Amino acid sequence: MEQQITKKKYKGSVNEERMIVCQHFFNSLRYIKELTTMKISVFLFILFFQTIAYCQELAVVNNIVGRDKISLNGNWQILIDPYENGFYDYRLKESQSGYFLNEKPKTKQGLIEYDFVKSDYLNVPGDWNSQREKLELYEGTVWYQKNFDYPLKKDKRLFLYFGACNYYSIVYLNGKKLGEHEGGFTPFCFEVTGKVNSKENNVVVKVDNKRRADGVPTTNTDWYNYGGITRDVYVAETSENFIQDYKLNLTNGDFKTIHISVKLNKPESKNIKLLIPELKISKELAANSNGEASLSINSKPILWSPENPKLYDVYLVKDTDTLKDRIGFRTIETKGQDILLNGKSIYLKGISIHEEIPQRAGRANGPEDAKLLLGWAKELGCNYVRLAHYPHNEAMLKMADEMGLMVWSEIPVYWTIHYEDQNVLKKAKDQLNAMVTQNKNRASIIIWSMANETPVSDDRNNFIKSLCDYTRSLDNTRLLSAALEISHKENDTNILDDPLGEYLDVLGCNEYLGWYEGKPEDALTKTWKTIYNKPMVISEFGGGALYGFHGEKDERFTEEYQEYLYVNQLAMLDKIPFLKGISPWILVDFKSPRRQLHGIQDGWNRKGLLSDRGFKKKAWFTLNKYYKHKK
Ligand code: GCB
């Protein structure tokens with residue numbers, strides 16, 4: 001029984017499962033003293049490594065979308081499994097004959113108590129909550145199943161790729177486990193070379209969106225816990241050794257040199273061709289024996305900016321693979337309390353956005369949704385968006401590149417995750433790595449954000465400092481920030497002195513004066529100070545309003561209250577000399593189970609400038625007018 005409970009308890013994490021396997025292994029070693037011949041130990045070691053071998057998830061591959069691939073989007077058969085019957089046997093041990101086998105009875109007498117074919121289906125990509133009423137508030141396991149054929153080619157490697165599944169996924173191909181992935185907003189893939197047949201492949205995914213105390217995020221958030229395969233699924237194809245990662249960028253102060261670095265999947269000294277036709281660049285990069293190549297090229301690209309979001313077609317050619325991207329070139333830096341884009345001081349006229357389409361009340365994904373959300377931001381007069389509170393789908397970033405919107409991109413280190421736990425730190429780093437690898441060629445992203453509203457403590461400071469160091473090691477061409485809080489006040493002065501300020505380039509600050517604290521007009525006498533010689537952005541302010549609910553400006557949840565709050569806030573913010581941008585909370589009303597006020601909230605956070613149907617509230621026009629005149 002003890003063993004079963006332990007197994008159940010540790011079910012959540014691949015690393016922890018490995019540790020358990022280790023413990024069992026070493027325990028059993030102790031009991032077989034009398035048998036400890038060299039041969040037996042070697043045999044057991046081999047067994048042990050075979051046990052953990054399935055867990056090998058490939059490091060993130062950059063630009064999967066740009067590879068030869070087939071899409072597995074569309075309808076997937078599903079089984080809803082709140083008791084995880086398809087995974088555990090009745091002794092709560094991992095079952096050997098679970099739903100992942102996708103078995104059919106072999107005779108009329110055969111007993112198989114599930115059938116994907118006869119069950120319901122869901123569209124992928126998409127959350128399950130918005131597709132089936134009975135799944136609206138479901139938190140648990142859903143099994144997804146799909147068949148596919150694949151035109152196999154000689155000497156090609158294959159990868160099964162998921163844009164994102166929320167939150168914990170276990171993937172099986174043709175009845176065998178490929179591996180597991182934790183994290184609801186980041187891509188992952190498994191190598192399936194040699195495991196795919198030309199006909200009738202069967203892929204099964206167990207997706208579990210139960211909230212976990214040791215997850216990133218943890219159990220408590222102010223957004224909806226949409227479950228499912230929420231982003232695209234592909235089988236992608238590469239040659240034997242392929243370009244796994246690449247980056248093209250300028251460096252601050254130099255607009256005439258394009259730096260490029262490329263990393264192959266395996267060590268190999270080989271030439272890689274770079275083509276940027278519009279800049280007349282055609283160069284060979286020589287990879288060293290580690291499979292890494294870099295080059296600096298004299299060239300004077302037109303700089304990417306919100307006014308002119310110039311992008312160039314870029315091609316990288318290795319063997320038979322040609323990888324295409326569209327890349328913009330710009331610099332971003334801070335100087336004292338200024339933010340400089342392409343060497344010139346800018347003010348970030350922003351808005352915060354959740355990855356949710358209000359009319360569908362579901363997760364946003366793909367170019368059409370991105371166009372709608374970012375199109376609204378442009379209409380509002382923004383040059384910048386805060387993509388809260390987790391990495392958004394790739395289409396959002398590509399659309400921001402095209403439309404000319406600067407981006408703050410963040411991981412869900414939100415409120416009170418377990419800062420003291422090194423495993424949680426590892427999970428946050430994995431998400432950072434995936435976010436940065438996937439999006440580091442997007443000119444639009446100017447800020448990587450480490451966290452949102454985290455309580456000051458030594459554990460939290462060390463945790464986020466470690467994230468900062470790690471991010472800089474992955475990409476040192478962007479600014480780091482985090483949405484901090486005012487923890488220190490003197491009379492009518494807010495003092496931003498969070499110890500994290502030391503490690504960040506830009507001080508993010510969330511404040512809700514006039515909503516969670518004081519009255520809107522209190523903003524008029526408020527002053528601000530910081531102990532850091534760094535720029536600040538107000539990463540959130542705002543208040544709720546139900547669209548169409550009108551009254552006096554001092555009545556909560558009326559459009560007039562929200563409008564009045566914005567008018568007072570903007571007057572205050574204009575007087576802060578080190579303020580270099582804002583991203584008020586939020587573009588559109590969004591679903592949140594925390595918001596229960598009947599007749600007003602009904603499960604929606606009402607701080608949107610647009611309603612849950614996309615209608616403009618009065619405060620929209622206040623901010624729109626402000627942005628029109630703001631320099
Ligand atoms: C915040 C959080 C955000 C919430 C918002 C609110 O400070 O960062 O996730 O949704 O406040 O509406 O309370």
# chains A, B, ... in the order shown; residues from 1 in each chain; ligands from 1
$ closest_atom_pairs --of "chain A" --to "ligand 1" --cutoff "8 Å" --atoms "only C-alpha atoms and all ligand atoms" --output "CSV"
residue,atom,partner,partner_atom_place_in_ligand_line,distance
A:Thr221,CA,ligand 1,9 (O),6.9
A:Asp222,CA,ligand 1,10 (O),4.9
A:Trp223,CA,ligand 1,10 (O),6.8
A:Ala388,CA,ligand 1,9 (O),7.8
A:His389,CA,ligand 1,9 (O),7.1
A:Tyr414,CA,ligand 1,8 (O),7.8
A:Asn452,CA,ligand 1,8 (O),6.0
A:Glu453,CA,ligand 1,8 (O),6.2
A:Ala483,CA,ligand 1,8 (O),7.8
A:Asn510,CA,ligand 1,7 (O),6.0
A:Glu511,CA,ligand 1,7 (O),7.2
A:Tyr512,CA,ligand 1,7 (O),7.6
A:Glu540,CA,ligand 1,7 (O),6.8
A:Phe541,CA,ligand 1,7 (O),8.0
A:Gly542,CA,ligand 1,12 (O),7.7
A:Gly543,CA,ligand 1,12 (O),7.4
A:Gly544,CA,ligand 1,12 (O),7.8
A:Trp585,CA,ligand 1,5 (C),6.9
A:Asn605,CA,ligand 1,12 (O),6.2
A:Arg606,CA,ligand 1,12 (O),7.8
A:Lys607,CA,ligand 1,12 (O),6.3
$ select_by_dssp --residues "range 395-568 of chain A" --states "alpha helix (DSSP H)" --output "number ranges by chain"
A: 395-403, 422-439, 458-474, 559-568
$ closest_residue --among "A:Phe463, A:Ala400, A:Lys440, A:Phe87" --to "Gln422 in chain A" --atoms "only C-alpha atoms"
A:Phe463
$ atom_distance --atom1 "CA of Ile332 in chain A" --atom2 "CA of Tyr390 in chain A"
22.0 Å
$ decode --residues "range 217-336 of chain A" --atoms "C-alpha atoms" --output "short mmCIF file (atom, residue, chain, number, x, y, z; two decimals), in the first residue's frame"
data_model
loop_
_atom_site.label_atom_id
_atom_site.label_comp_id
_atom_site.auth_asym_id
_atom_site.auth_seq_id
_atom_site.Cartn_x
_atom_site.Cartn_y
_atom_site.Cartn_z
CA PRO A 217 1.72 28.54 -11.94
CA THR A 218 0.53 27.15 -8.62
CA THR A 219 -3.11 26.48 -7.64
CA ASN A 220 -4.12 30.11 -7.22
CA THR A 221 -4.41 32.48 -10.18
CA ASP A 222 -6.84 35.06 -11.47
CA TRP A 223 -7.44 33.38 -14.83
CA TYR A 224 -9.33 30.41 -16.15
CA ASN A 225 -7.72 27.01 -16.07
CA TYR A 226 -8.46 26.01 -19.66
CA GLY A 227 -7.45 22.39 -20.27
CA GLY A 228 -6.56 20.46 -23.38
CA ILE A 229 -4.32 20.44 -26.42
CA THR A 230 -4.59 24.17 -26.82
CA ARG A 231 -2.03 24.73 -29.60
CA ASP A 232 -1.06 23.08 -32.91
CA VAL A 233 0.22 19.52 -33.26
CA TYR A 234 2.63 18.51 -36.03
CA VAL A 235 4.80 15.68 -37.19
CA ALA A 236 7.86 17.53 -38.43
CA GLU A 237 10.65 16.14 -40.58
CA THR A 238 14.34 17.00 -40.68
CA SER A 239 17.49 15.63 -42.24
CA GLU A 240 19.82 13.53 -40.09
CA ASN A 241 21.62 16.50 -38.53
CA PHE A 242 19.49 19.63 -38.59
CA ILE A 243 19.54 23.25 -37.49
CA GLN A 244 18.12 23.09 -34.01
CA ASP A 245 18.52 26.70 -33.07
CA TYR A 246 19.54 30.05 -34.58
CA LYS A 247 19.52 33.73 -33.77
CA LEU A 248 19.99 36.89 -35.81
CA ASN A 249 20.39 40.21 -34.09
CA LEU A 250 22.06 43.62 -33.95
CA THR A 251 23.96 44.75 -30.90
CA ASN A 252 23.32 48.02 -29.10
CA GLY A 253 25.00 51.04 -30.64
CA ASP A 254 25.82 49.29 -33.93
CA PHE A 255 23.19 49.33 -36.68
CA LYS A 256 25.53 48.10 -39.41
CA THR A 257 26.43 44.58 -38.29
CA ILE A 258 24.08 41.59 -38.28
CA HIS A 259 25.23 38.84 -35.91
CA ILE A 260 24.11 35.33 -36.58
CA SER A 261 24.61 32.17 -34.57
CA VAL A 262 23.46 28.67 -35.51
CA LYS A 263 23.46 25.42 -33.58
CA LEU A 264 23.13 22.01 -35.15
CA ASN A 265 21.40 19.13 -33.40
CA LYS A 266 24.60 17.06 -33.38
CA PRO A 267 28.30 17.95 -33.49
CA GLU A 268 29.39 18.19 -37.13
CA SER A 269 31.80 20.47 -39.03
CA LYS A 270 29.63 21.50 -41.91
CA ASN A 271 28.75 24.62 -43.85
CA ILE A 272 25.37 26.27 -43.45
CA LYS A 273 24.12 28.78 -45.98
CA LEU A 274 22.47 32.04 -44.96
CA LEU A 275 20.42 34.04 -47.45
CA ILE A 276 18.72 37.37 -46.89
CA PRO A 277 17.86 38.25 -50.52
CA GLU A 278 16.56 41.77 -49.86
CA LEU A 279 19.86 42.70 -48.19
CA LYS A 280 21.83 40.86 -50.87
CA ILE A 281 23.32 38.60 -48.20
CA SER A 282 24.45 35.16 -49.28
CA LYS A 283 27.04 33.69 -46.90
CA GLU A 284 28.41 30.35 -45.81
CA LEU A 285 28.74 29.75 -42.07
CA ALA A 286 31.27 27.13 -41.05
CA ALA A 287 30.09 25.03 -38.11
CA ASN A 288 32.86 23.93 -35.73
CA SER A 289 33.20 20.40 -34.40
CA ASN A 290 30.55 21.20 -31.77
CA GLY A 291 28.10 21.95 -34.55
CA GLU A 292 28.05 25.66 -33.74
CA ALA A 293 28.57 28.49 -36.20
CA SER A 294 28.56 32.26 -35.88
CA LEU A 295 29.24 35.16 -38.17
CA SER A 296 29.02 38.96 -38.15
CA ILE A 297 28.02 40.53 -41.44
CA ASN A 298 28.32 44.15 -42.51
CA SER A 299 24.90 45.23 -43.61
CA LYS A 300 22.58 48.12 -42.97
CA PRO A 301 19.05 46.78 -42.58
CA ILE A 302 16.10 49.13 -42.29
CA LEU A 303 15.43 49.10 -38.56
CA TRP A 304 12.26 47.51 -37.18
CA SER A 305 10.08 49.93 -35.21
CA PRO A 306 6.36 50.39 -34.46
CA GLU A 307 6.24 53.10 -37.15
CA ASN A 308 7.95 50.86 -39.70
CA PRO A 309 7.86 47.19 -38.71
CA LYS A 310 10.25 46.10 -41.45
CA LEU A 311 10.87 42.34 -41.67
CA TYR A 312 13.24 40.45 -43.96
CA ASP A 313 12.84 36.97 -45.41
CA VAL A 314 15.72 34.89 -44.03
CA TYR A 315 16.71 31.42 -45.30
CA LEU A 316 19.06 28.94 -43.64
CA VAL A 317 20.07 25.95 -45.72
CA LYS A 318 21.70 22.79 -44.38
CA ASP A 319 21.84 19.63 -46.51
CA THR A 320 18.33 19.15 -47.85
CA ASP A 321 16.66 21.34 -45.19
CA THR A 322 15.71 24.93 -45.92
CA LEU A 323 14.45 26.88 -42.97
CA LYS A 324 12.58 30.12 -43.61
CA ASP A 325 11.88 32.90 -41.15
CA ARG A 326 10.89 36.58 -41.28
CA ILE A 327 13.10 38.65 -39.04
CA GLY A 328 13.30 42.30 -38.06
CA PHE A 329 16.39 44.09 -36.79
CA ARG A 330 16.39 46.61 -33.96
CA THR A 331 18.19 47.40 -30.74
CA ILE A 332 16.78 47.85 -27.26
CA GLU A 333 18.61 49.15 -24.18
CA THR A 334 18.23 51.37 -21.17
CA LYS A 335 20.20 54.47 -20.32
CA GLY A 336 19.65 55.79 -16.82
#
